[in-house]
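*Asks:* Pasting a structure below so you can have a look.
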Amino acid sequence: MLDAITQEIINNSLDAASAEMGRVLQRAAYSTIIREERDFSCSIFTRSGRLVSQAAHIPIQMGSMDMALKTALRTFEGRLAAGDAVLVNDPYSGAQHTPDILLFSPVVVEGDVVAYVGSVAHHIDVGGRVAGSVAGDNRNIFQEGLRIPPVVAYRNGVMDETFASIFAANVRLPEVTFGDLQAQLSANTLGVSRVHSIVSEHGTSYVLTSMERSIESTEQEFRRRIAELPDARGTGSDFVEDDGLGNGPLTVKVAVEITGDELVVDFTGSSPQTEGPINSVLSATTASALYVIRAVFGPDLPANDGLNSAVRIIASSGTIVNPLSPTACGGRMQTCYRIVDALLRACATFTPDRYTAGSCGNMTMSLQFDRREGPAPIFFEVMPGALGARPQDDGIDGTDVHISNCMNAPIEALEAEFPIEFTSFEFRPDSCGAGRFQGGLGLRRSFRLHDLGGELMIRGDQVASGPGGVDGAADGQPCWFVLNPGTEHERVLPSKTLVSLKPGDEFLRETAGGGGIGNACDRDPDLVTRDLADERISKHFIKTHYPQTT
């Protein structure tokens with residue numbers, strides 16, 4: 001009989017294994033997007049593909065890894081041996097966009113699969129029409145790089161030669177991409193070893209039972225909490241300004257309905273799928289929704305499939321929250337952030353103390369430098385924004401919020417690797433939405449090219465209007481992208497575009513500030529004085545938004 005103490009030891013051992021996998025992946029990676037910005041995640045699954053443990057990595061990735069694994073198991077279950085690994089990046093097979101490559105390895109004990117370990121990482125390039133693969137104006141998934149349904153890419157720890165030759169012929173920097181794949185394999189190998197050790201210590205039966213009990217108890221506790229809330233329905237909406245091809249605005253509508261111990265998230269009324277790449281495939285929509293539901297109703301619950309089992313998601317096919325293949329979806333994060341903001345507003349009906357005002361989603365860019373000799377390097381970066389205000393506190397400055405959790409890449413590491421020089425990296429004063437509680441500040445970050453030009457891709461949103469304020473508060477300042485700022489060649493860029501750069505050109509990004517909450521007249525004057533002293537806001541900002549403060 002498995003006792004509660006042993007079960008807790010097993011559960012925590014699995015969590016530790018997931019976290020250790022992440023440390024191996026980060027340290028072994030070649031690209032800055034993985035090594036410095038930490039755009040990766042690691043998880044452990046039951047032998048039927050149910051999520052049982054995940055490290056605190058990237059919520060948008062982890063929330064749907066099981067969907068890709070279950071797709072793979074429909075083809076390969078019973079055909080995998082120790083040392084094998086299944087690879088998938090097809091957004092219509094459970095992945096989310098082509099640069100995110102998922103790798104799953106079976107844990108085999110005495111000839112039987114007892115679990116799976118998995119890793120997902122954002123790769124610098126997987127082919128396609130532009131460096132980085134996911135241009136803001138792609139029109140279909142075929143322009144977004146090599147699309148890989150579940151395949152057995154490794155046998156006995158060695159990459160399949162046919163797969164390797166096809167893959168290498170389709171990516172711009174195979175040495176970097178294969179290096180990052182090897183880092184994923186190393187993480188998986190470590191995960192397999194750790195699960196073996198847990199099984200050796202506690203026995204296969206106890207480990208399998210502990211996994212299932214953990215999932216079941218999570219679902220039971222979540223349903224208990226939901227049942228304590230009144231039956232009600234909350235709604236929210238938000239929008240993406242455009243799809244990169246002139247179509248927009250595009251609306252995300254969501255309703256959250258609680259009946260007894262059942263919670264339904266319904267996206268009925270959201271815009272039809274669009275030609276540009278901002279569509280969110282079902283796996284990404286599911287991950288975004290589950291992030292909010294867990295954050296609001298069960299932040300202390302284990303991160304496993306128990307929550308998935310207790311939540312029903314309705315997303316009509318052919319919409320921006322569940323597009324049909326071969327619709328472009330590489331820019332799905334722009335829609336996913338709007339899903340989060342809309343869903344938080346809907347959940348505020350039940351939990352008015354757990355939501356945020358509008359937040360700035362991350363903005364991404366890739367820059368492939370002109371070739372001098374050898375492969376042309378690719379600089380890819382996620383640019384964080386700001387968290388909107390909270391019901392009893394200000395937002396958070398200059399951070400990658402909500403479903404993403406990437407780090408700010410150190411400019412020293414980027415300058416050492418690429419022919420660029422950073423000219424600014426700082427908070428953006430006055431970008432916060434004023435209110436009783438202010439939104440966070442966005443970031444200002446710019447760099448100048450040295451002796452090489454290149455092709456720049458930017459993919460963002462919120463340039464026409466900033467993240468929304470709530471209850472009478474002001475919106476945050478919009479994003480701003482500009483080439484050669486403050487010169488006669490200054491050129492303001494749209495949020496989704498491709499542009500050629502010359503040596504000496506400077507590119508500036510300013511991300512949006514978070515929206516505020518509550519009437520600005522109710523803000524504590526001492527906080528206004530503090531923010532002025534810290535140079536977060538200016539005297540002009542105070543005069544405009546806080547005239548009651550002298």
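Ordered as shown in the structure tokens, chains take letters A, B, and onward, while each chain numbers its residues from 1 and ligands are numbered from 1 in the order shown.
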Do you have, as a Markdown table, the list of residues of stretch 321-412 of chain A lying at most 12 Å from stretch 510-530 of chain A, each with its nearest atom pair and that distance in Å to one decimal, counting only C-alpha atoms and ordered by chain then number?
*Replies:*
```
| residue | atom | partner | partner_atom | distance |
| --- | --- | --- | --- | --- |
| A:Asp341 | CA | A:Gly515 | CA | 11.0 |
| A:Asp353 | CA | A:Ile517 | CA | 11.8 |
| A:Tyr355 | CA | A:Ile517 | CA | 10.3 |
| A:Thr356 | CA | A:Ile517 | CA | 8.2 |
| A:Ala357 | CA | A:Gly515 | CA | 5.2 |
| A:Gly358 | CA | A:Gly515 | CA | 5.0 |
| A:Ser359 | CA | A:Gly514 | CA | 4.7 |
| A:Cys360 | CA | A:Ala512 | CA | 5.5 |
| A:Gly361 | CA | A:Ala512 | CA | 8.4 |
| A:Asn362 | CA | A:Thr511 | CA | 8.1 |
| A:Met363 | CA | A:Thr511 | CA | 7.5 |
| A:Thr364 | CA | A:Thr511 | CA | 10.7 |
| A:Val382 | CA | A:Thr511 | CA | 11.1 |
| A:Met383 | CA | A:Thr511 | CA | 7.6 |
| A:Pro384 | CA | A:Thr511 | CA | 7.3 |
| A:Gly385 | CA | A:Thr511 | CA | 5.2 |
| A:Ala386 | CA | A:Gly514 | CA | 5.3 |
| A:Leu387 | CA | A:Gly514 | CA | 5.2 |
| A:Gly388 | CA | A:Gly514 | CA | 3.9 |
| A:Ala389 | CA | A:Gly516 | CA | 5.0 |
| A:Arg390 | CA | A:Ile517 | CA | 6.9 |
| A:Pro391 | CA | A:Ile517 | CA | 6.7 |
| A:Gln392 | CA | A:Ile517 | CA | 8.9 |
| A:Asp393 | CA | A:Ile517 | CA | 9.0 |
| A:Asp394 | CA | A:Gly516 | CA | 7.7 |
| A:Gly395 | CA | A:Gly514 | CA | 6.7 |
| A:Ile396 | CA | A:Gly514 | CA | 8.1 |
| A:Asp397 | CA | A:Gly513 | CA | 7.9 |
| A:Gly398 | CA | A:Gly513 | CA | 8.3 |
| A:Thr399 | CA | A:Thr511 | CA | 10.3 |
| A:Asp400 | CA | A:Thr511 | CA | 10.8 |
| A:Val401 | CA | A:Gly514 | CA | 10.4 |
```
*Asks:* Output as a Markdown table one row per residue of stretch 196-287 of chain A within 9 Å of stretch 482-496 of chain A: the closest atom pair and its distance in Å to one decimal place, counting only C-alpha atoms, sorted by chain and residue number ascending.
*Replies:*
```
| residue | atom | partner | partner_atom | distance |
| --- | --- | --- | --- | --- |
| A:Asp242 | CA | A:Lys496 | CA | 8.7 |
| A:Asp243 | CA | A:Lys496 | CA | 8.0 |
| A:Gly244 | CA | A:Lys496 | CA | 5.2 |
| A:Leu245 | CA | A:Lys496 | CA | 8.6 |
```
*Asks:* Output all heavy atoms of each residue in that selection to a file, as an mmCIF file, in the first residue's frame.
*Replies:*
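Here's the written file again.cif:
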```
data_model
loop_
_atom_site.group_PDB
_atom_site.id
_atom_site.type_symbol
_atom_site.label_atom_id
_atom_site.label_comp_id
_atom_site.auth_asym_id
_atom_site.auth_seq_id
_atom_site.Cartn_x
_atom_site.Cartn_y
_atom_site.Cartn_z
ATOM 1 N N ASP A 242 -3.664 43.736 -35.933
ATOM 2 C CA ASP A 242 -3.664 43.305 -37.335
ATOM 3 C C ASP A 242 -2.888 42.012 -37.445
ATOM 4 O O ASP A 242 -2.180 41.605 -36.519
ATOM 5 C CB ASP A 242 -3.042 44.376 -38.237
ATOM 6 C CG ASP A 242 -1.553 44.479 -38.057
ATOM 7 O OD1 ASP A 242 -1.101 45.174 -37.124
ATOM 8 O OD2 ASP A 242 -0.815 43.852 -38.841
ATOM 9 N N ASP A 243 -3.036 41.359 -38.598
ATOM 10 C CA ASP A 243 -2.398 40.052 -38.794
ATOM 11 C C ASP A 243 -1.100 40.133 -39.581
ATOM 12 O O ASP A 243 -0.531 39.106 -39.963
ATOM 13 C CB ASP A 243 -3.362 39.083 -39.472
ATOM 14 C CG ASP A 243 -3.648 39.458 -40.930
ATOM 15 O OD1 ASP A 243 -3.328 40.597 -41.327
ATOM 16 O OD2 ASP A 243 -4.188 38.605 -41.666
ATOM 17 N N GLY A 244 -0.603 41.346 -39.839
ATOM 18 C CA GLY A 244 0.599 41.513 -40.630
ATOM 19 C C GLY A 244 0.356 41.666 -42.108
ATOM 20 O O GLY A 244 1.262 41.987 -42.872
ATOM 21 N N LEU A 245 -0.889 41.443 -42.527
ATOM 22 C CA LEU A 245 -1.248 41.550 -43.942
ATOM 23 C C LEU A 245 -2.395 42.531 -44.156
ATOM 24 O O LEU A 245 -3.070 42.485 -45.181
ATOM 25 C CB LEU A 245 -1.618 40.168 -44.499
ATOM 26 C CG LEU A 245 -0.474 39.148 -44.514
ATOM 27 C CD1 LEU A 245 -0.998 37.761 -44.887
ATOM 28 C CD2 LEU A 245 0.624 39.568 -45.484
#
```
*Asks:* With distances taken over only C-alpha atoms, which residue among A:Ser316, A:Ser197, A:Thr75, A:Ser31 lies nearest A:Ile10?
*Replies:* A:Ser197
*Asks:* Name all residues at most 9 Å from A:Ser210 (count only C-alpha atoms; drop same-chain ones fewer than 3 positions away) and give them as a list of chain:residue names.
*Replies:* A:Leu2, A:Thr6, A:Gln7, A:Glu8, A:Ile10, A:Asn11, A:Ser205, A:Tyr206, A:Val207, A:Arg213, A:Ser214, A:Ile215
*Asks:* Restricting the calculation to only C-alpha atoms, which member of A:Glu257, A:Gln184, A:Pro302, A:Phe163 is positioned closest to A:Glu221?
*Replies:*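 With only C-alpha atoms as the atom set, the closest residue is A:Pro302.
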*Asks:* Do you know which residues are at most 7 Å from A:Asp505 counting only C-alpha atoms, after dropping those on the same chain fewer than 3 positions away, and could you put them as a ChimeraX atom specification?
*Replies:* /A:448-449,484,501-502
*Asks:* Quick one: of A:Arg459, A:Arg224, A:Arg428, A:His545, who's nearest to A:Ala135, counting only C-alpha atoms?
*Replies:*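 Closest to A:Ala135, using only C-alpha atoms: A:Arg459.
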*Asks:* May I ask which of the residues A:Ser325, A:Ala227, A:Leu185, A:Gly306 is the closest one to A:Gln273, counting only C-alpha atoms?
*Replies:*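 Looking only at the distances to A:Gln273, the closest residue turns out to be A:Ser325.
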